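Trainee: Mind looking over this structure? Questions follow.
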There are 2 protein chains.
Amino acid sequence: MVTIKLLAEQLHVSVSTVSKALNDSSEISSATTRRVKDLAKHYNYHPNRTAVNLKSSQTKTIGVILPNILNRFFAKVLFGIEKEATKKGYNIITCISNESLDKEKESLQLLTHGAVDGFIVAVSEDTQTLGSFDHFNTILQQGVPIVMFDRVLNQVPCDKVIIDDFEASCKATDALIQQNRKHIAFITTIDDLNIGKLREDGYKKTMMDAVEIHDTSLVLKIQGGEDLHTRIKAFLSNNPQINGVVSADNISGTTCINTCISMGYKVPKDIAVIGFADETISQLSVPKLSFINQHAEEIGKNSINLLLDRLSNSNNKEFVTKVIPTTLLHAQSA
Amino acid sequence: MVTIKLLAEQLHVSVSTVSKALNDSSEISSATTRRVKDLAKHYNYHPNRTAVNLKSSQTKTIGVILPNILNRFFAKVLFGIEKEATKKGYNIITCISNESLDKEKESLQLLTHGAVDGFIVAVSEDTQTLGSFDHFNTILQQGVPIVMFDRVLNQVPCDKVIIDDFEASCKATDALIQQNRKHIAFITTIDDLNIGKLREDGYKKTMMDAVEIHDTSLVLKIQGGEDLHTRIKAFLSNNPQINGVVSADNISGTTCINTCISMGYKVPKDIAVIGFADETISQLSVPKLSFINQHAEEIGKNSINLLLDRLSNSNNKEFVTKVIPTTLLHAQSA
DNA sequence: TTGAAAGCGCTAACAC
DNA sequence: GTGTTAGCGCTTTCAA
């Protein structure tokens, strides 16, 4: 490894001269600066990150804790975070909690002590179910900032980035109602998450408020491990009056369309479907799924910018909760 | 931040005593060790990672450079890497090259100088197209080990983890031939990647070798940005003799099934489809896609283990290329 | 059994 | 304009 010391020896100057020259200090003559930089280039010298980190007590890296990287939404948020982080000169350490509270705690612990400058996290299912939040507050008290996104904990005082799940679901349901559909079902595989409940509430509220409907019984809750197609098919068979579906997660909408088609329904004529998804998922069905776009990349970008803000302004601003607007995109299924 | 120094002062002992006690050195009396550990727990002391890193000149973190995290295959490999890394006490810094050579170079550069102990990378499309590889060899010469997976560069002497794309494609094609299908098409969206070419070669070889077939003209190459459904529909219309399809990537198989269904074909009766995918993707069509499973998680696990091996055995073993066997999984589309 | 001191690579007061 | 020195938090030799 080539160090400042080596350069100093070769040039018969002191390490501080080299350091200053490398950092374009005005104290150093331009001649010396040139010599130093030339030699540095020649040796392909780059400052040792660890040493710089220790000296500056910051790492220029952010810990990102995700419940599940195989979920396209989280992958996309990560993409957004990485992109913006790189632009701002930060690296990201990714930890996957796999929906487990213990893994989440462990990752926080491990990274807290000097490995990262702050955290971006979407809490695990476990954490949300168990209502556990002490581990976050401990970190916060040590002065390490956290930004939570999507799955957030109200009991933790920190910056947050969310979408208005309730409103988005209202929007989807209402779009179906506007098409004069009266038998609208709600399908969810995320009943155990807060955002799942919010989306269900949005659906129910909209249905209750609609003229001549008031029917909120058409709710299908599917647990992990169950076969989507089988459950949906049975559900549709048992409720032949259904002519619209709101899907709360990012895969059941697609499966719903495919199931409808396989059962001989025309989509959207007989049954219209709206899901929470994105352009890519939309393309996976024929007809293409109409969807609520959550702008996952935007969520990632906002999360890291909120964090970097907090990192640079040590002054204690009020914590903010940023709501990223959703968009209803009419593809072909509604 | 609570440091060893603070503990030492509180206990009226030296920092070295504290350090040794914390590390269970036999030099220190059990009484002192206890006192130190108790106070450490009381203060929730944990060693500063950066300082330990600087001292030990290792970071216990691995740089992972991926072309595209939105591709499910890479997300899954990352999942496998993270899981195994955590088990072995390593963290991972994730960089996304976004298929760009420049970003790939930049990430390597930035992390090389003391930020990570080694790299796991799948090279970008750019890199492969341009045949650029100096940036890897530079890193290697500095003694930082690299493991390449899936998209590998023959010109770079390092450990590699791949699947036998040629063989996998042969296997898929042959399965269709065994069903007495003679008009088998090949659909690809990854024509510009080596693995894409290998899969095409496997298909062609198998077709040429089959009795009474020798027809390898039914190849559909789709570029990024084009609409899959539209292209596939036109292709199938123009070639009504097609009764089998091998899809080279992990989305066109699904779209192909949906397109077939929408055109009134029975799947697999009229047209059978096999893609490169996994259980989750398979579920997105009705009928479910039969697929070549690449065991992405396994690839991740093997990659990091190869890297950690290389990290611990500084002895220069021969570089290995590990081939992870694929599995043909018959779901419902073939 | 404990402590002093050096050093990992770097930066930045402070001297010269 | 350049050099000396201390110190970031830790480990580890060596001395006591």
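Following the order of the structure tokens, first chain is A, next is B, and so on, with residues numbered from 1 inside each chain and ligands from 1 in the order they appear.
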When DSSP is applied to the backbone of this structure, which of range 111-145 of chain B are assigned strand (DSSP E)? Write them out as a list in words.

Mentor: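 DSSP on the backbone gives strand (DSSP E) at Gly118, Phe119, Ile120 and Val121 of chain B.
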
Trainee: Restrict the distance test to only C-alpha atoms (C1' of nucleotides), flag each residue of chain C within 9 Å of chain B, and return the flagged residues as a PyMOL selection string.

Mentor: chain C and resi 1-3+7-9

Trainee: Enumerate as a ChimeraX atom specification the residues belonging to chain A that approach chain B to within 6 Å, with only C-alpha atoms taken into account.

Mentor: /A:48-50,54,92-93,113-115,255,258,284,286

Trainee: Restricting the output to C-alpha atoms, write the selected residues as a compact mmCIF listing (two decimals), in the first residue's frame.

Mentor:
```txt
# COMPACT_ATOMS: atom_id res chain seq x y z
CA ASN A 48 -6.58 5.32 2.86
CA ARG A 49 -10.27 5.58 3.55
CA THR A 50 -10.07 4.02 6.98
CA LEU A 54 -10.82 7.68 11.85
CA ILE A 92 -24.13 2.31 1.33
CA ILE A 93 -23.88 -0.80 3.44
CA HIS A 113 -20.19 1.95 16.43
CA GLY A 114 -18.32 3.86 13.82
CA ALA A 115 -19.19 1.87 10.73
CA THR A 255 -52.03 -12.99 -10.74
CA ASN A 258 -54.16 -13.92 -15.28
CA LEU A 284 -46.23 -9.04 -17.00
CA VAL A 286 -52.06 -9.34 -20.80
```

Trainee: So how far away is CA of Pro240 in chain A from CA of Lys266 in chain A, in Å?

Mentor: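 Those two atoms sit 13.3 Å apart.
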
Trainee: Using only C-alpha atoms (C1' of nucleotides), what does the table of chain D residues within 7 Å of chain B look like, with each row giving the shortest atom pair and its distance in Å to one decimal, sorted by chain and ascending number, as a tab-separated table?

Mentor:
```
residue	atom	partner	partner_atom	distance
D:DG9	C1'	B:Ala51	CA	5.0
D:DC10	C1'	B:Ala51	CA	5.4
D:DT11	C1'	B:Lys55	CA	6.9
```

Trainee: Could you work out how far CA of Asp102 in chain B lies from CA of Glu84 in chain A, giving the answer in Å with one decimal?

Mentor: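 Here the two named atoms are 16.3 Å from each other.
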
Trainee: Enumerate, as a ChimeraX atom specification, the complete set of residues in range 195-304 of chain B that a backbone-based DSSP assignment places in helix (DSSP H, G or I).

Mentor: /B:195-209,228-238,252-262,279-282,296-304

Trainee: Write the residues of the preceding selection, restricted to N, CA and C atoms, as a short mmCIF file (atom, residue, chain, number, x, y, z; two decimals), in the first residue's frame.

Mentor:
```cif
data_model
loop_
_atom_site.label_atom_id
_atom_site.label_comp_id
_atom_site.auth_asym_id
_atom_site.auth_seq_id
_atom_site.Cartn_x
_atom_site.Cartn_y
_atom_site.Cartn_z
N ILE B 195 -23.70 -14.46 -21.78
CA ILE B 195 -24.58 -15.55 -21.35
C ILE B 195 -25.76 -15.69 -22.29
N GLY B 196 -26.19 -14.59 -22.87
CA GLY B 196 -27.28 -14.65 -23.84
C GLY B 196 -26.86 -15.43 -25.07
N LYS B 197 -25.65 -15.18 -25.51
CA LYS B 197 -25.14 -15.89 -26.69
C LYS B 197 -24.97 -17.38 -26.39
N LEU B 198 -24.46 -17.67 -25.20
CA LEU B 198 -24.27 -19.07 -24.83
C LEU B 198 -25.60 -19.82 -24.82
N ARG B 199 -26.62 -19.13 -24.33
CA ARG B 199 -27.94 -19.78 -24.28
C ARG B 199 -28.48 -20.00 -25.69
N GLU B 200 -28.21 -19.03 -26.56
CA GLU B 200 -28.64 -19.19 -27.95
C GLU B 200 -27.88 -20.35 -28.60
N ASP B 201 -26.59 -20.41 -28.33
CA ASP B 201 -25.78 -21.49 -28.89
C ASP B 201 -26.29 -22.86 -28.43
N GLY B 202 -26.64 -22.94 -27.15
CA GLY B 202 -27.14 -24.21 -26.62
C GLY B 202 -28.41 -24.62 -27.34
N TYR B 203 -29.27 -23.65 -27.54
CA TYR B 203 -30.52 -23.92 -28.26
C TYR B 203 -30.22 -24.40 -29.68
N LYS B 204 -29.36 -23.67 -30.37
CA LYS B 204 -29.08 -24.00 -31.77
C LYS B 204 -28.41 -25.37 -31.91
N LYS B 205 -27.44 -25.60 -31.04
CA LYS B 205 -26.75 -26.89 -31.08
C LYS B 205 -27.74 -28.03 -30.91
N THR B 206 -28.61 -27.90 -29.92
CA THR B 206 -29.56 -28.96 -29.63
C THR B 206 -30.52 -29.17 -30.79
N MET B 207 -30.94 -28.07 -31.38
CA MET B 207 -31.85 -28.17 -32.52
C MET B 207 -31.16 -28.85 -33.70
N MET B 208 -29.91 -28.45 -33.97
CA MET B 208 -29.18 -29.01 -35.10
C MET B 208 -28.96 -30.51 -34.92
N ASP B 209 -28.70 -30.90 -33.69
CA ASP B 209 -28.39 -32.30 -33.42
C ASP B 209 -29.62 -33.20 -33.43
N LEU B 228 -42.52 -6.12 -25.24
CA LEU B 228 -42.41 -7.57 -25.34
C LEU B 228 -43.65 -8.21 -25.97
N HIS B 229 -44.78 -7.85 -25.42
CA HIS B 229 -46.03 -8.47 -25.87
C HIS B 229 -46.24 -8.27 -27.37
N THR B 230 -46.03 -7.02 -27.82
CA THR B 230 -46.22 -6.69 -29.23
C THR B 230 -45.29 -7.53 -30.13
N ARG B 231 -44.02 -7.56 -29.75
CA ARG B 231 -43.06 -8.31 -30.56
C ARG B 231 -43.37 -9.80 -30.60
N ILE B 232 -43.69 -10.34 -29.43
CA ILE B 232 -43.94 -11.78 -29.36
C ILE B 232 -45.21 -12.15 -30.14
N LYS B 233 -46.21 -11.31 -30.00
CA LYS B 233 -47.46 -11.57 -30.70
C LYS B 233 -47.25 -11.62 -32.22
N ALA B 234 -46.52 -10.62 -32.72
CA ALA B 234 -46.24 -10.58 -34.15
C ALA B 234 -45.44 -11.81 -34.58
N PHE B 235 -44.46 -12.15 -33.76
CA PHE B 235 -43.59 -13.29 -34.06
C PHE B 235 -44.40 -14.59 -34.15
N LEU B 236 -45.28 -14.77 -33.18
CA LEU B 236 -46.08 -16.00 -33.17
C LEU B 236 -47.07 -16.01 -34.34
N SER B 237 -47.60 -14.86 -34.68
CA SER B 237 -48.54 -14.77 -35.81
C SER B 237 -47.84 -15.13 -37.11
N ASN B 238 -46.63 -14.61 -37.25
CA ASN B 238 -45.88 -14.86 -38.48
C ASN B 238 -45.37 -16.29 -38.58
N SER B 252 -39.29 -12.69 -20.42
CA SER B 252 -40.00 -12.93 -21.67
C SER B 252 -40.79 -14.24 -21.65
N GLY B 253 -40.39 -15.17 -20.81
CA GLY B 253 -41.14 -16.43 -20.71
C GLY B 253 -42.56 -16.17 -20.21
N THR B 254 -42.66 -15.38 -19.17
CA THR B 254 -43.97 -15.04 -18.61
C THR B 254 -44.83 -14.31 -19.64
N THR B 255 -44.24 -13.30 -20.25
CA THR B 255 -44.98 -12.54 -21.25
C THR B 255 -45.39 -13.44 -22.41
N CYS B 256 -44.52 -14.36 -22.75
CA CYS B 256 -44.83 -15.27 -23.85
C CYS B 256 -46.08 -16.10 -23.53
N ILE B 257 -46.14 -16.65 -22.33
CA ILE B 257 -47.31 -17.44 -21.95
C ILE B 257 -48.57 -16.59 -22.02
N ASN B 258 -48.49 -15.40 -21.42
CA ASN B 258 -49.66 -14.53 -21.41
C ASN B 258 -50.09 -14.15 -22.82
N THR B 259 -49.10 -13.95 -23.68
CA THR B 259 -49.42 -13.62 -25.06
C THR B 259 -50.08 -14.79 -25.77
N CYS B 260 -49.52 -15.97 -25.57
CA CYS B 260 -50.11 -17.17 -26.17
C CYS B 260 -51.58 -17.29 -25.76
N ILE B 261 -51.82 -17.18 -24.47
CA ILE B 261 -53.18 -17.31 -23.96
C ILE B 261 -54.10 -16.28 -24.61
N SER B 262 -53.57 -15.05 -24.68
CA SER B 262 -54.41 -13.98 -25.24
C SER B 262 -54.70 -14.21 -26.72
N GLU B 279 -39.14 -19.63 -8.79
CA GLU B 279 -40.48 -19.98 -8.32
C GLU B 279 -41.42 -18.77 -8.36
N THR B 280 -40.91 -17.63 -7.93
CA THR B 280 -41.78 -16.46 -7.84
C THR B 280 -42.23 -15.98 -9.22
N ILE B 281 -41.29 -15.89 -10.14
CA ILE B 281 -41.65 -15.47 -11.49
C ILE B 281 -42.60 -16.48 -12.10
N SER B 282 -42.33 -17.75 -11.84
CA SER B 282 -43.15 -18.82 -12.38
C SER B 282 -44.62 -18.63 -12.03
N ALA B 296 -29.75 -18.72 -7.88
CA ALA B 296 -29.04 -17.45 -7.69
C ALA B 296 -28.48 -17.30 -6.28
N GLU B 297 -29.26 -17.71 -5.32
CA GLU B 297 -28.81 -17.56 -3.93
C GLU B 297 -27.54 -18.38 -3.71
N GLU B 298 -27.55 -19.55 -4.29
CA GLU B 298 -26.39 -20.44 -4.19
C GLU B 298 -25.16 -19.80 -4.83
N ILE B 299 -25.39 -19.12 -5.93
CA ILE B 299 -24.29 -18.43 -6.62
C ILE B 299 -23.69 -17.37 -5.69
N GLY B 300 -24.57 -16.63 -5.02
CA GLY B 300 -24.10 -15.61 -4.08
C GLY B 300 -23.29 -16.22 -2.96
N LYS B 301 -23.84 -17.27 -2.40
CA LYS B 301 -23.18 -17.94 -1.29
C LYS B 301 -21.79 -18.45 -1.69
N ASN B 302 -21.73 -19.08 -2.84
CA ASN B 302 -20.46 -19.60 -3.31
C ASN B 302 -19.46 -18.49 -3.59
N SER B 303 -19.94 -17.39 -4.13
CA SER B 303 -19.06 -16.28 -4.46
C SER B 303 -18.36 -15.76 -3.22
N ILE B 304 -19.13 -15.50 -2.19
CA ILE B 304 -18.51 -14.93 -1.01
C ILE B 304 -17.61 -15.93 -0.32
#
```

Trainee: Pick the closest to Thr138 in chain A from A:Cys170, A:Ile213, A:Val123, A:Val156: which is it, counting only C-alpha atoms?

Mentor: A:Val156
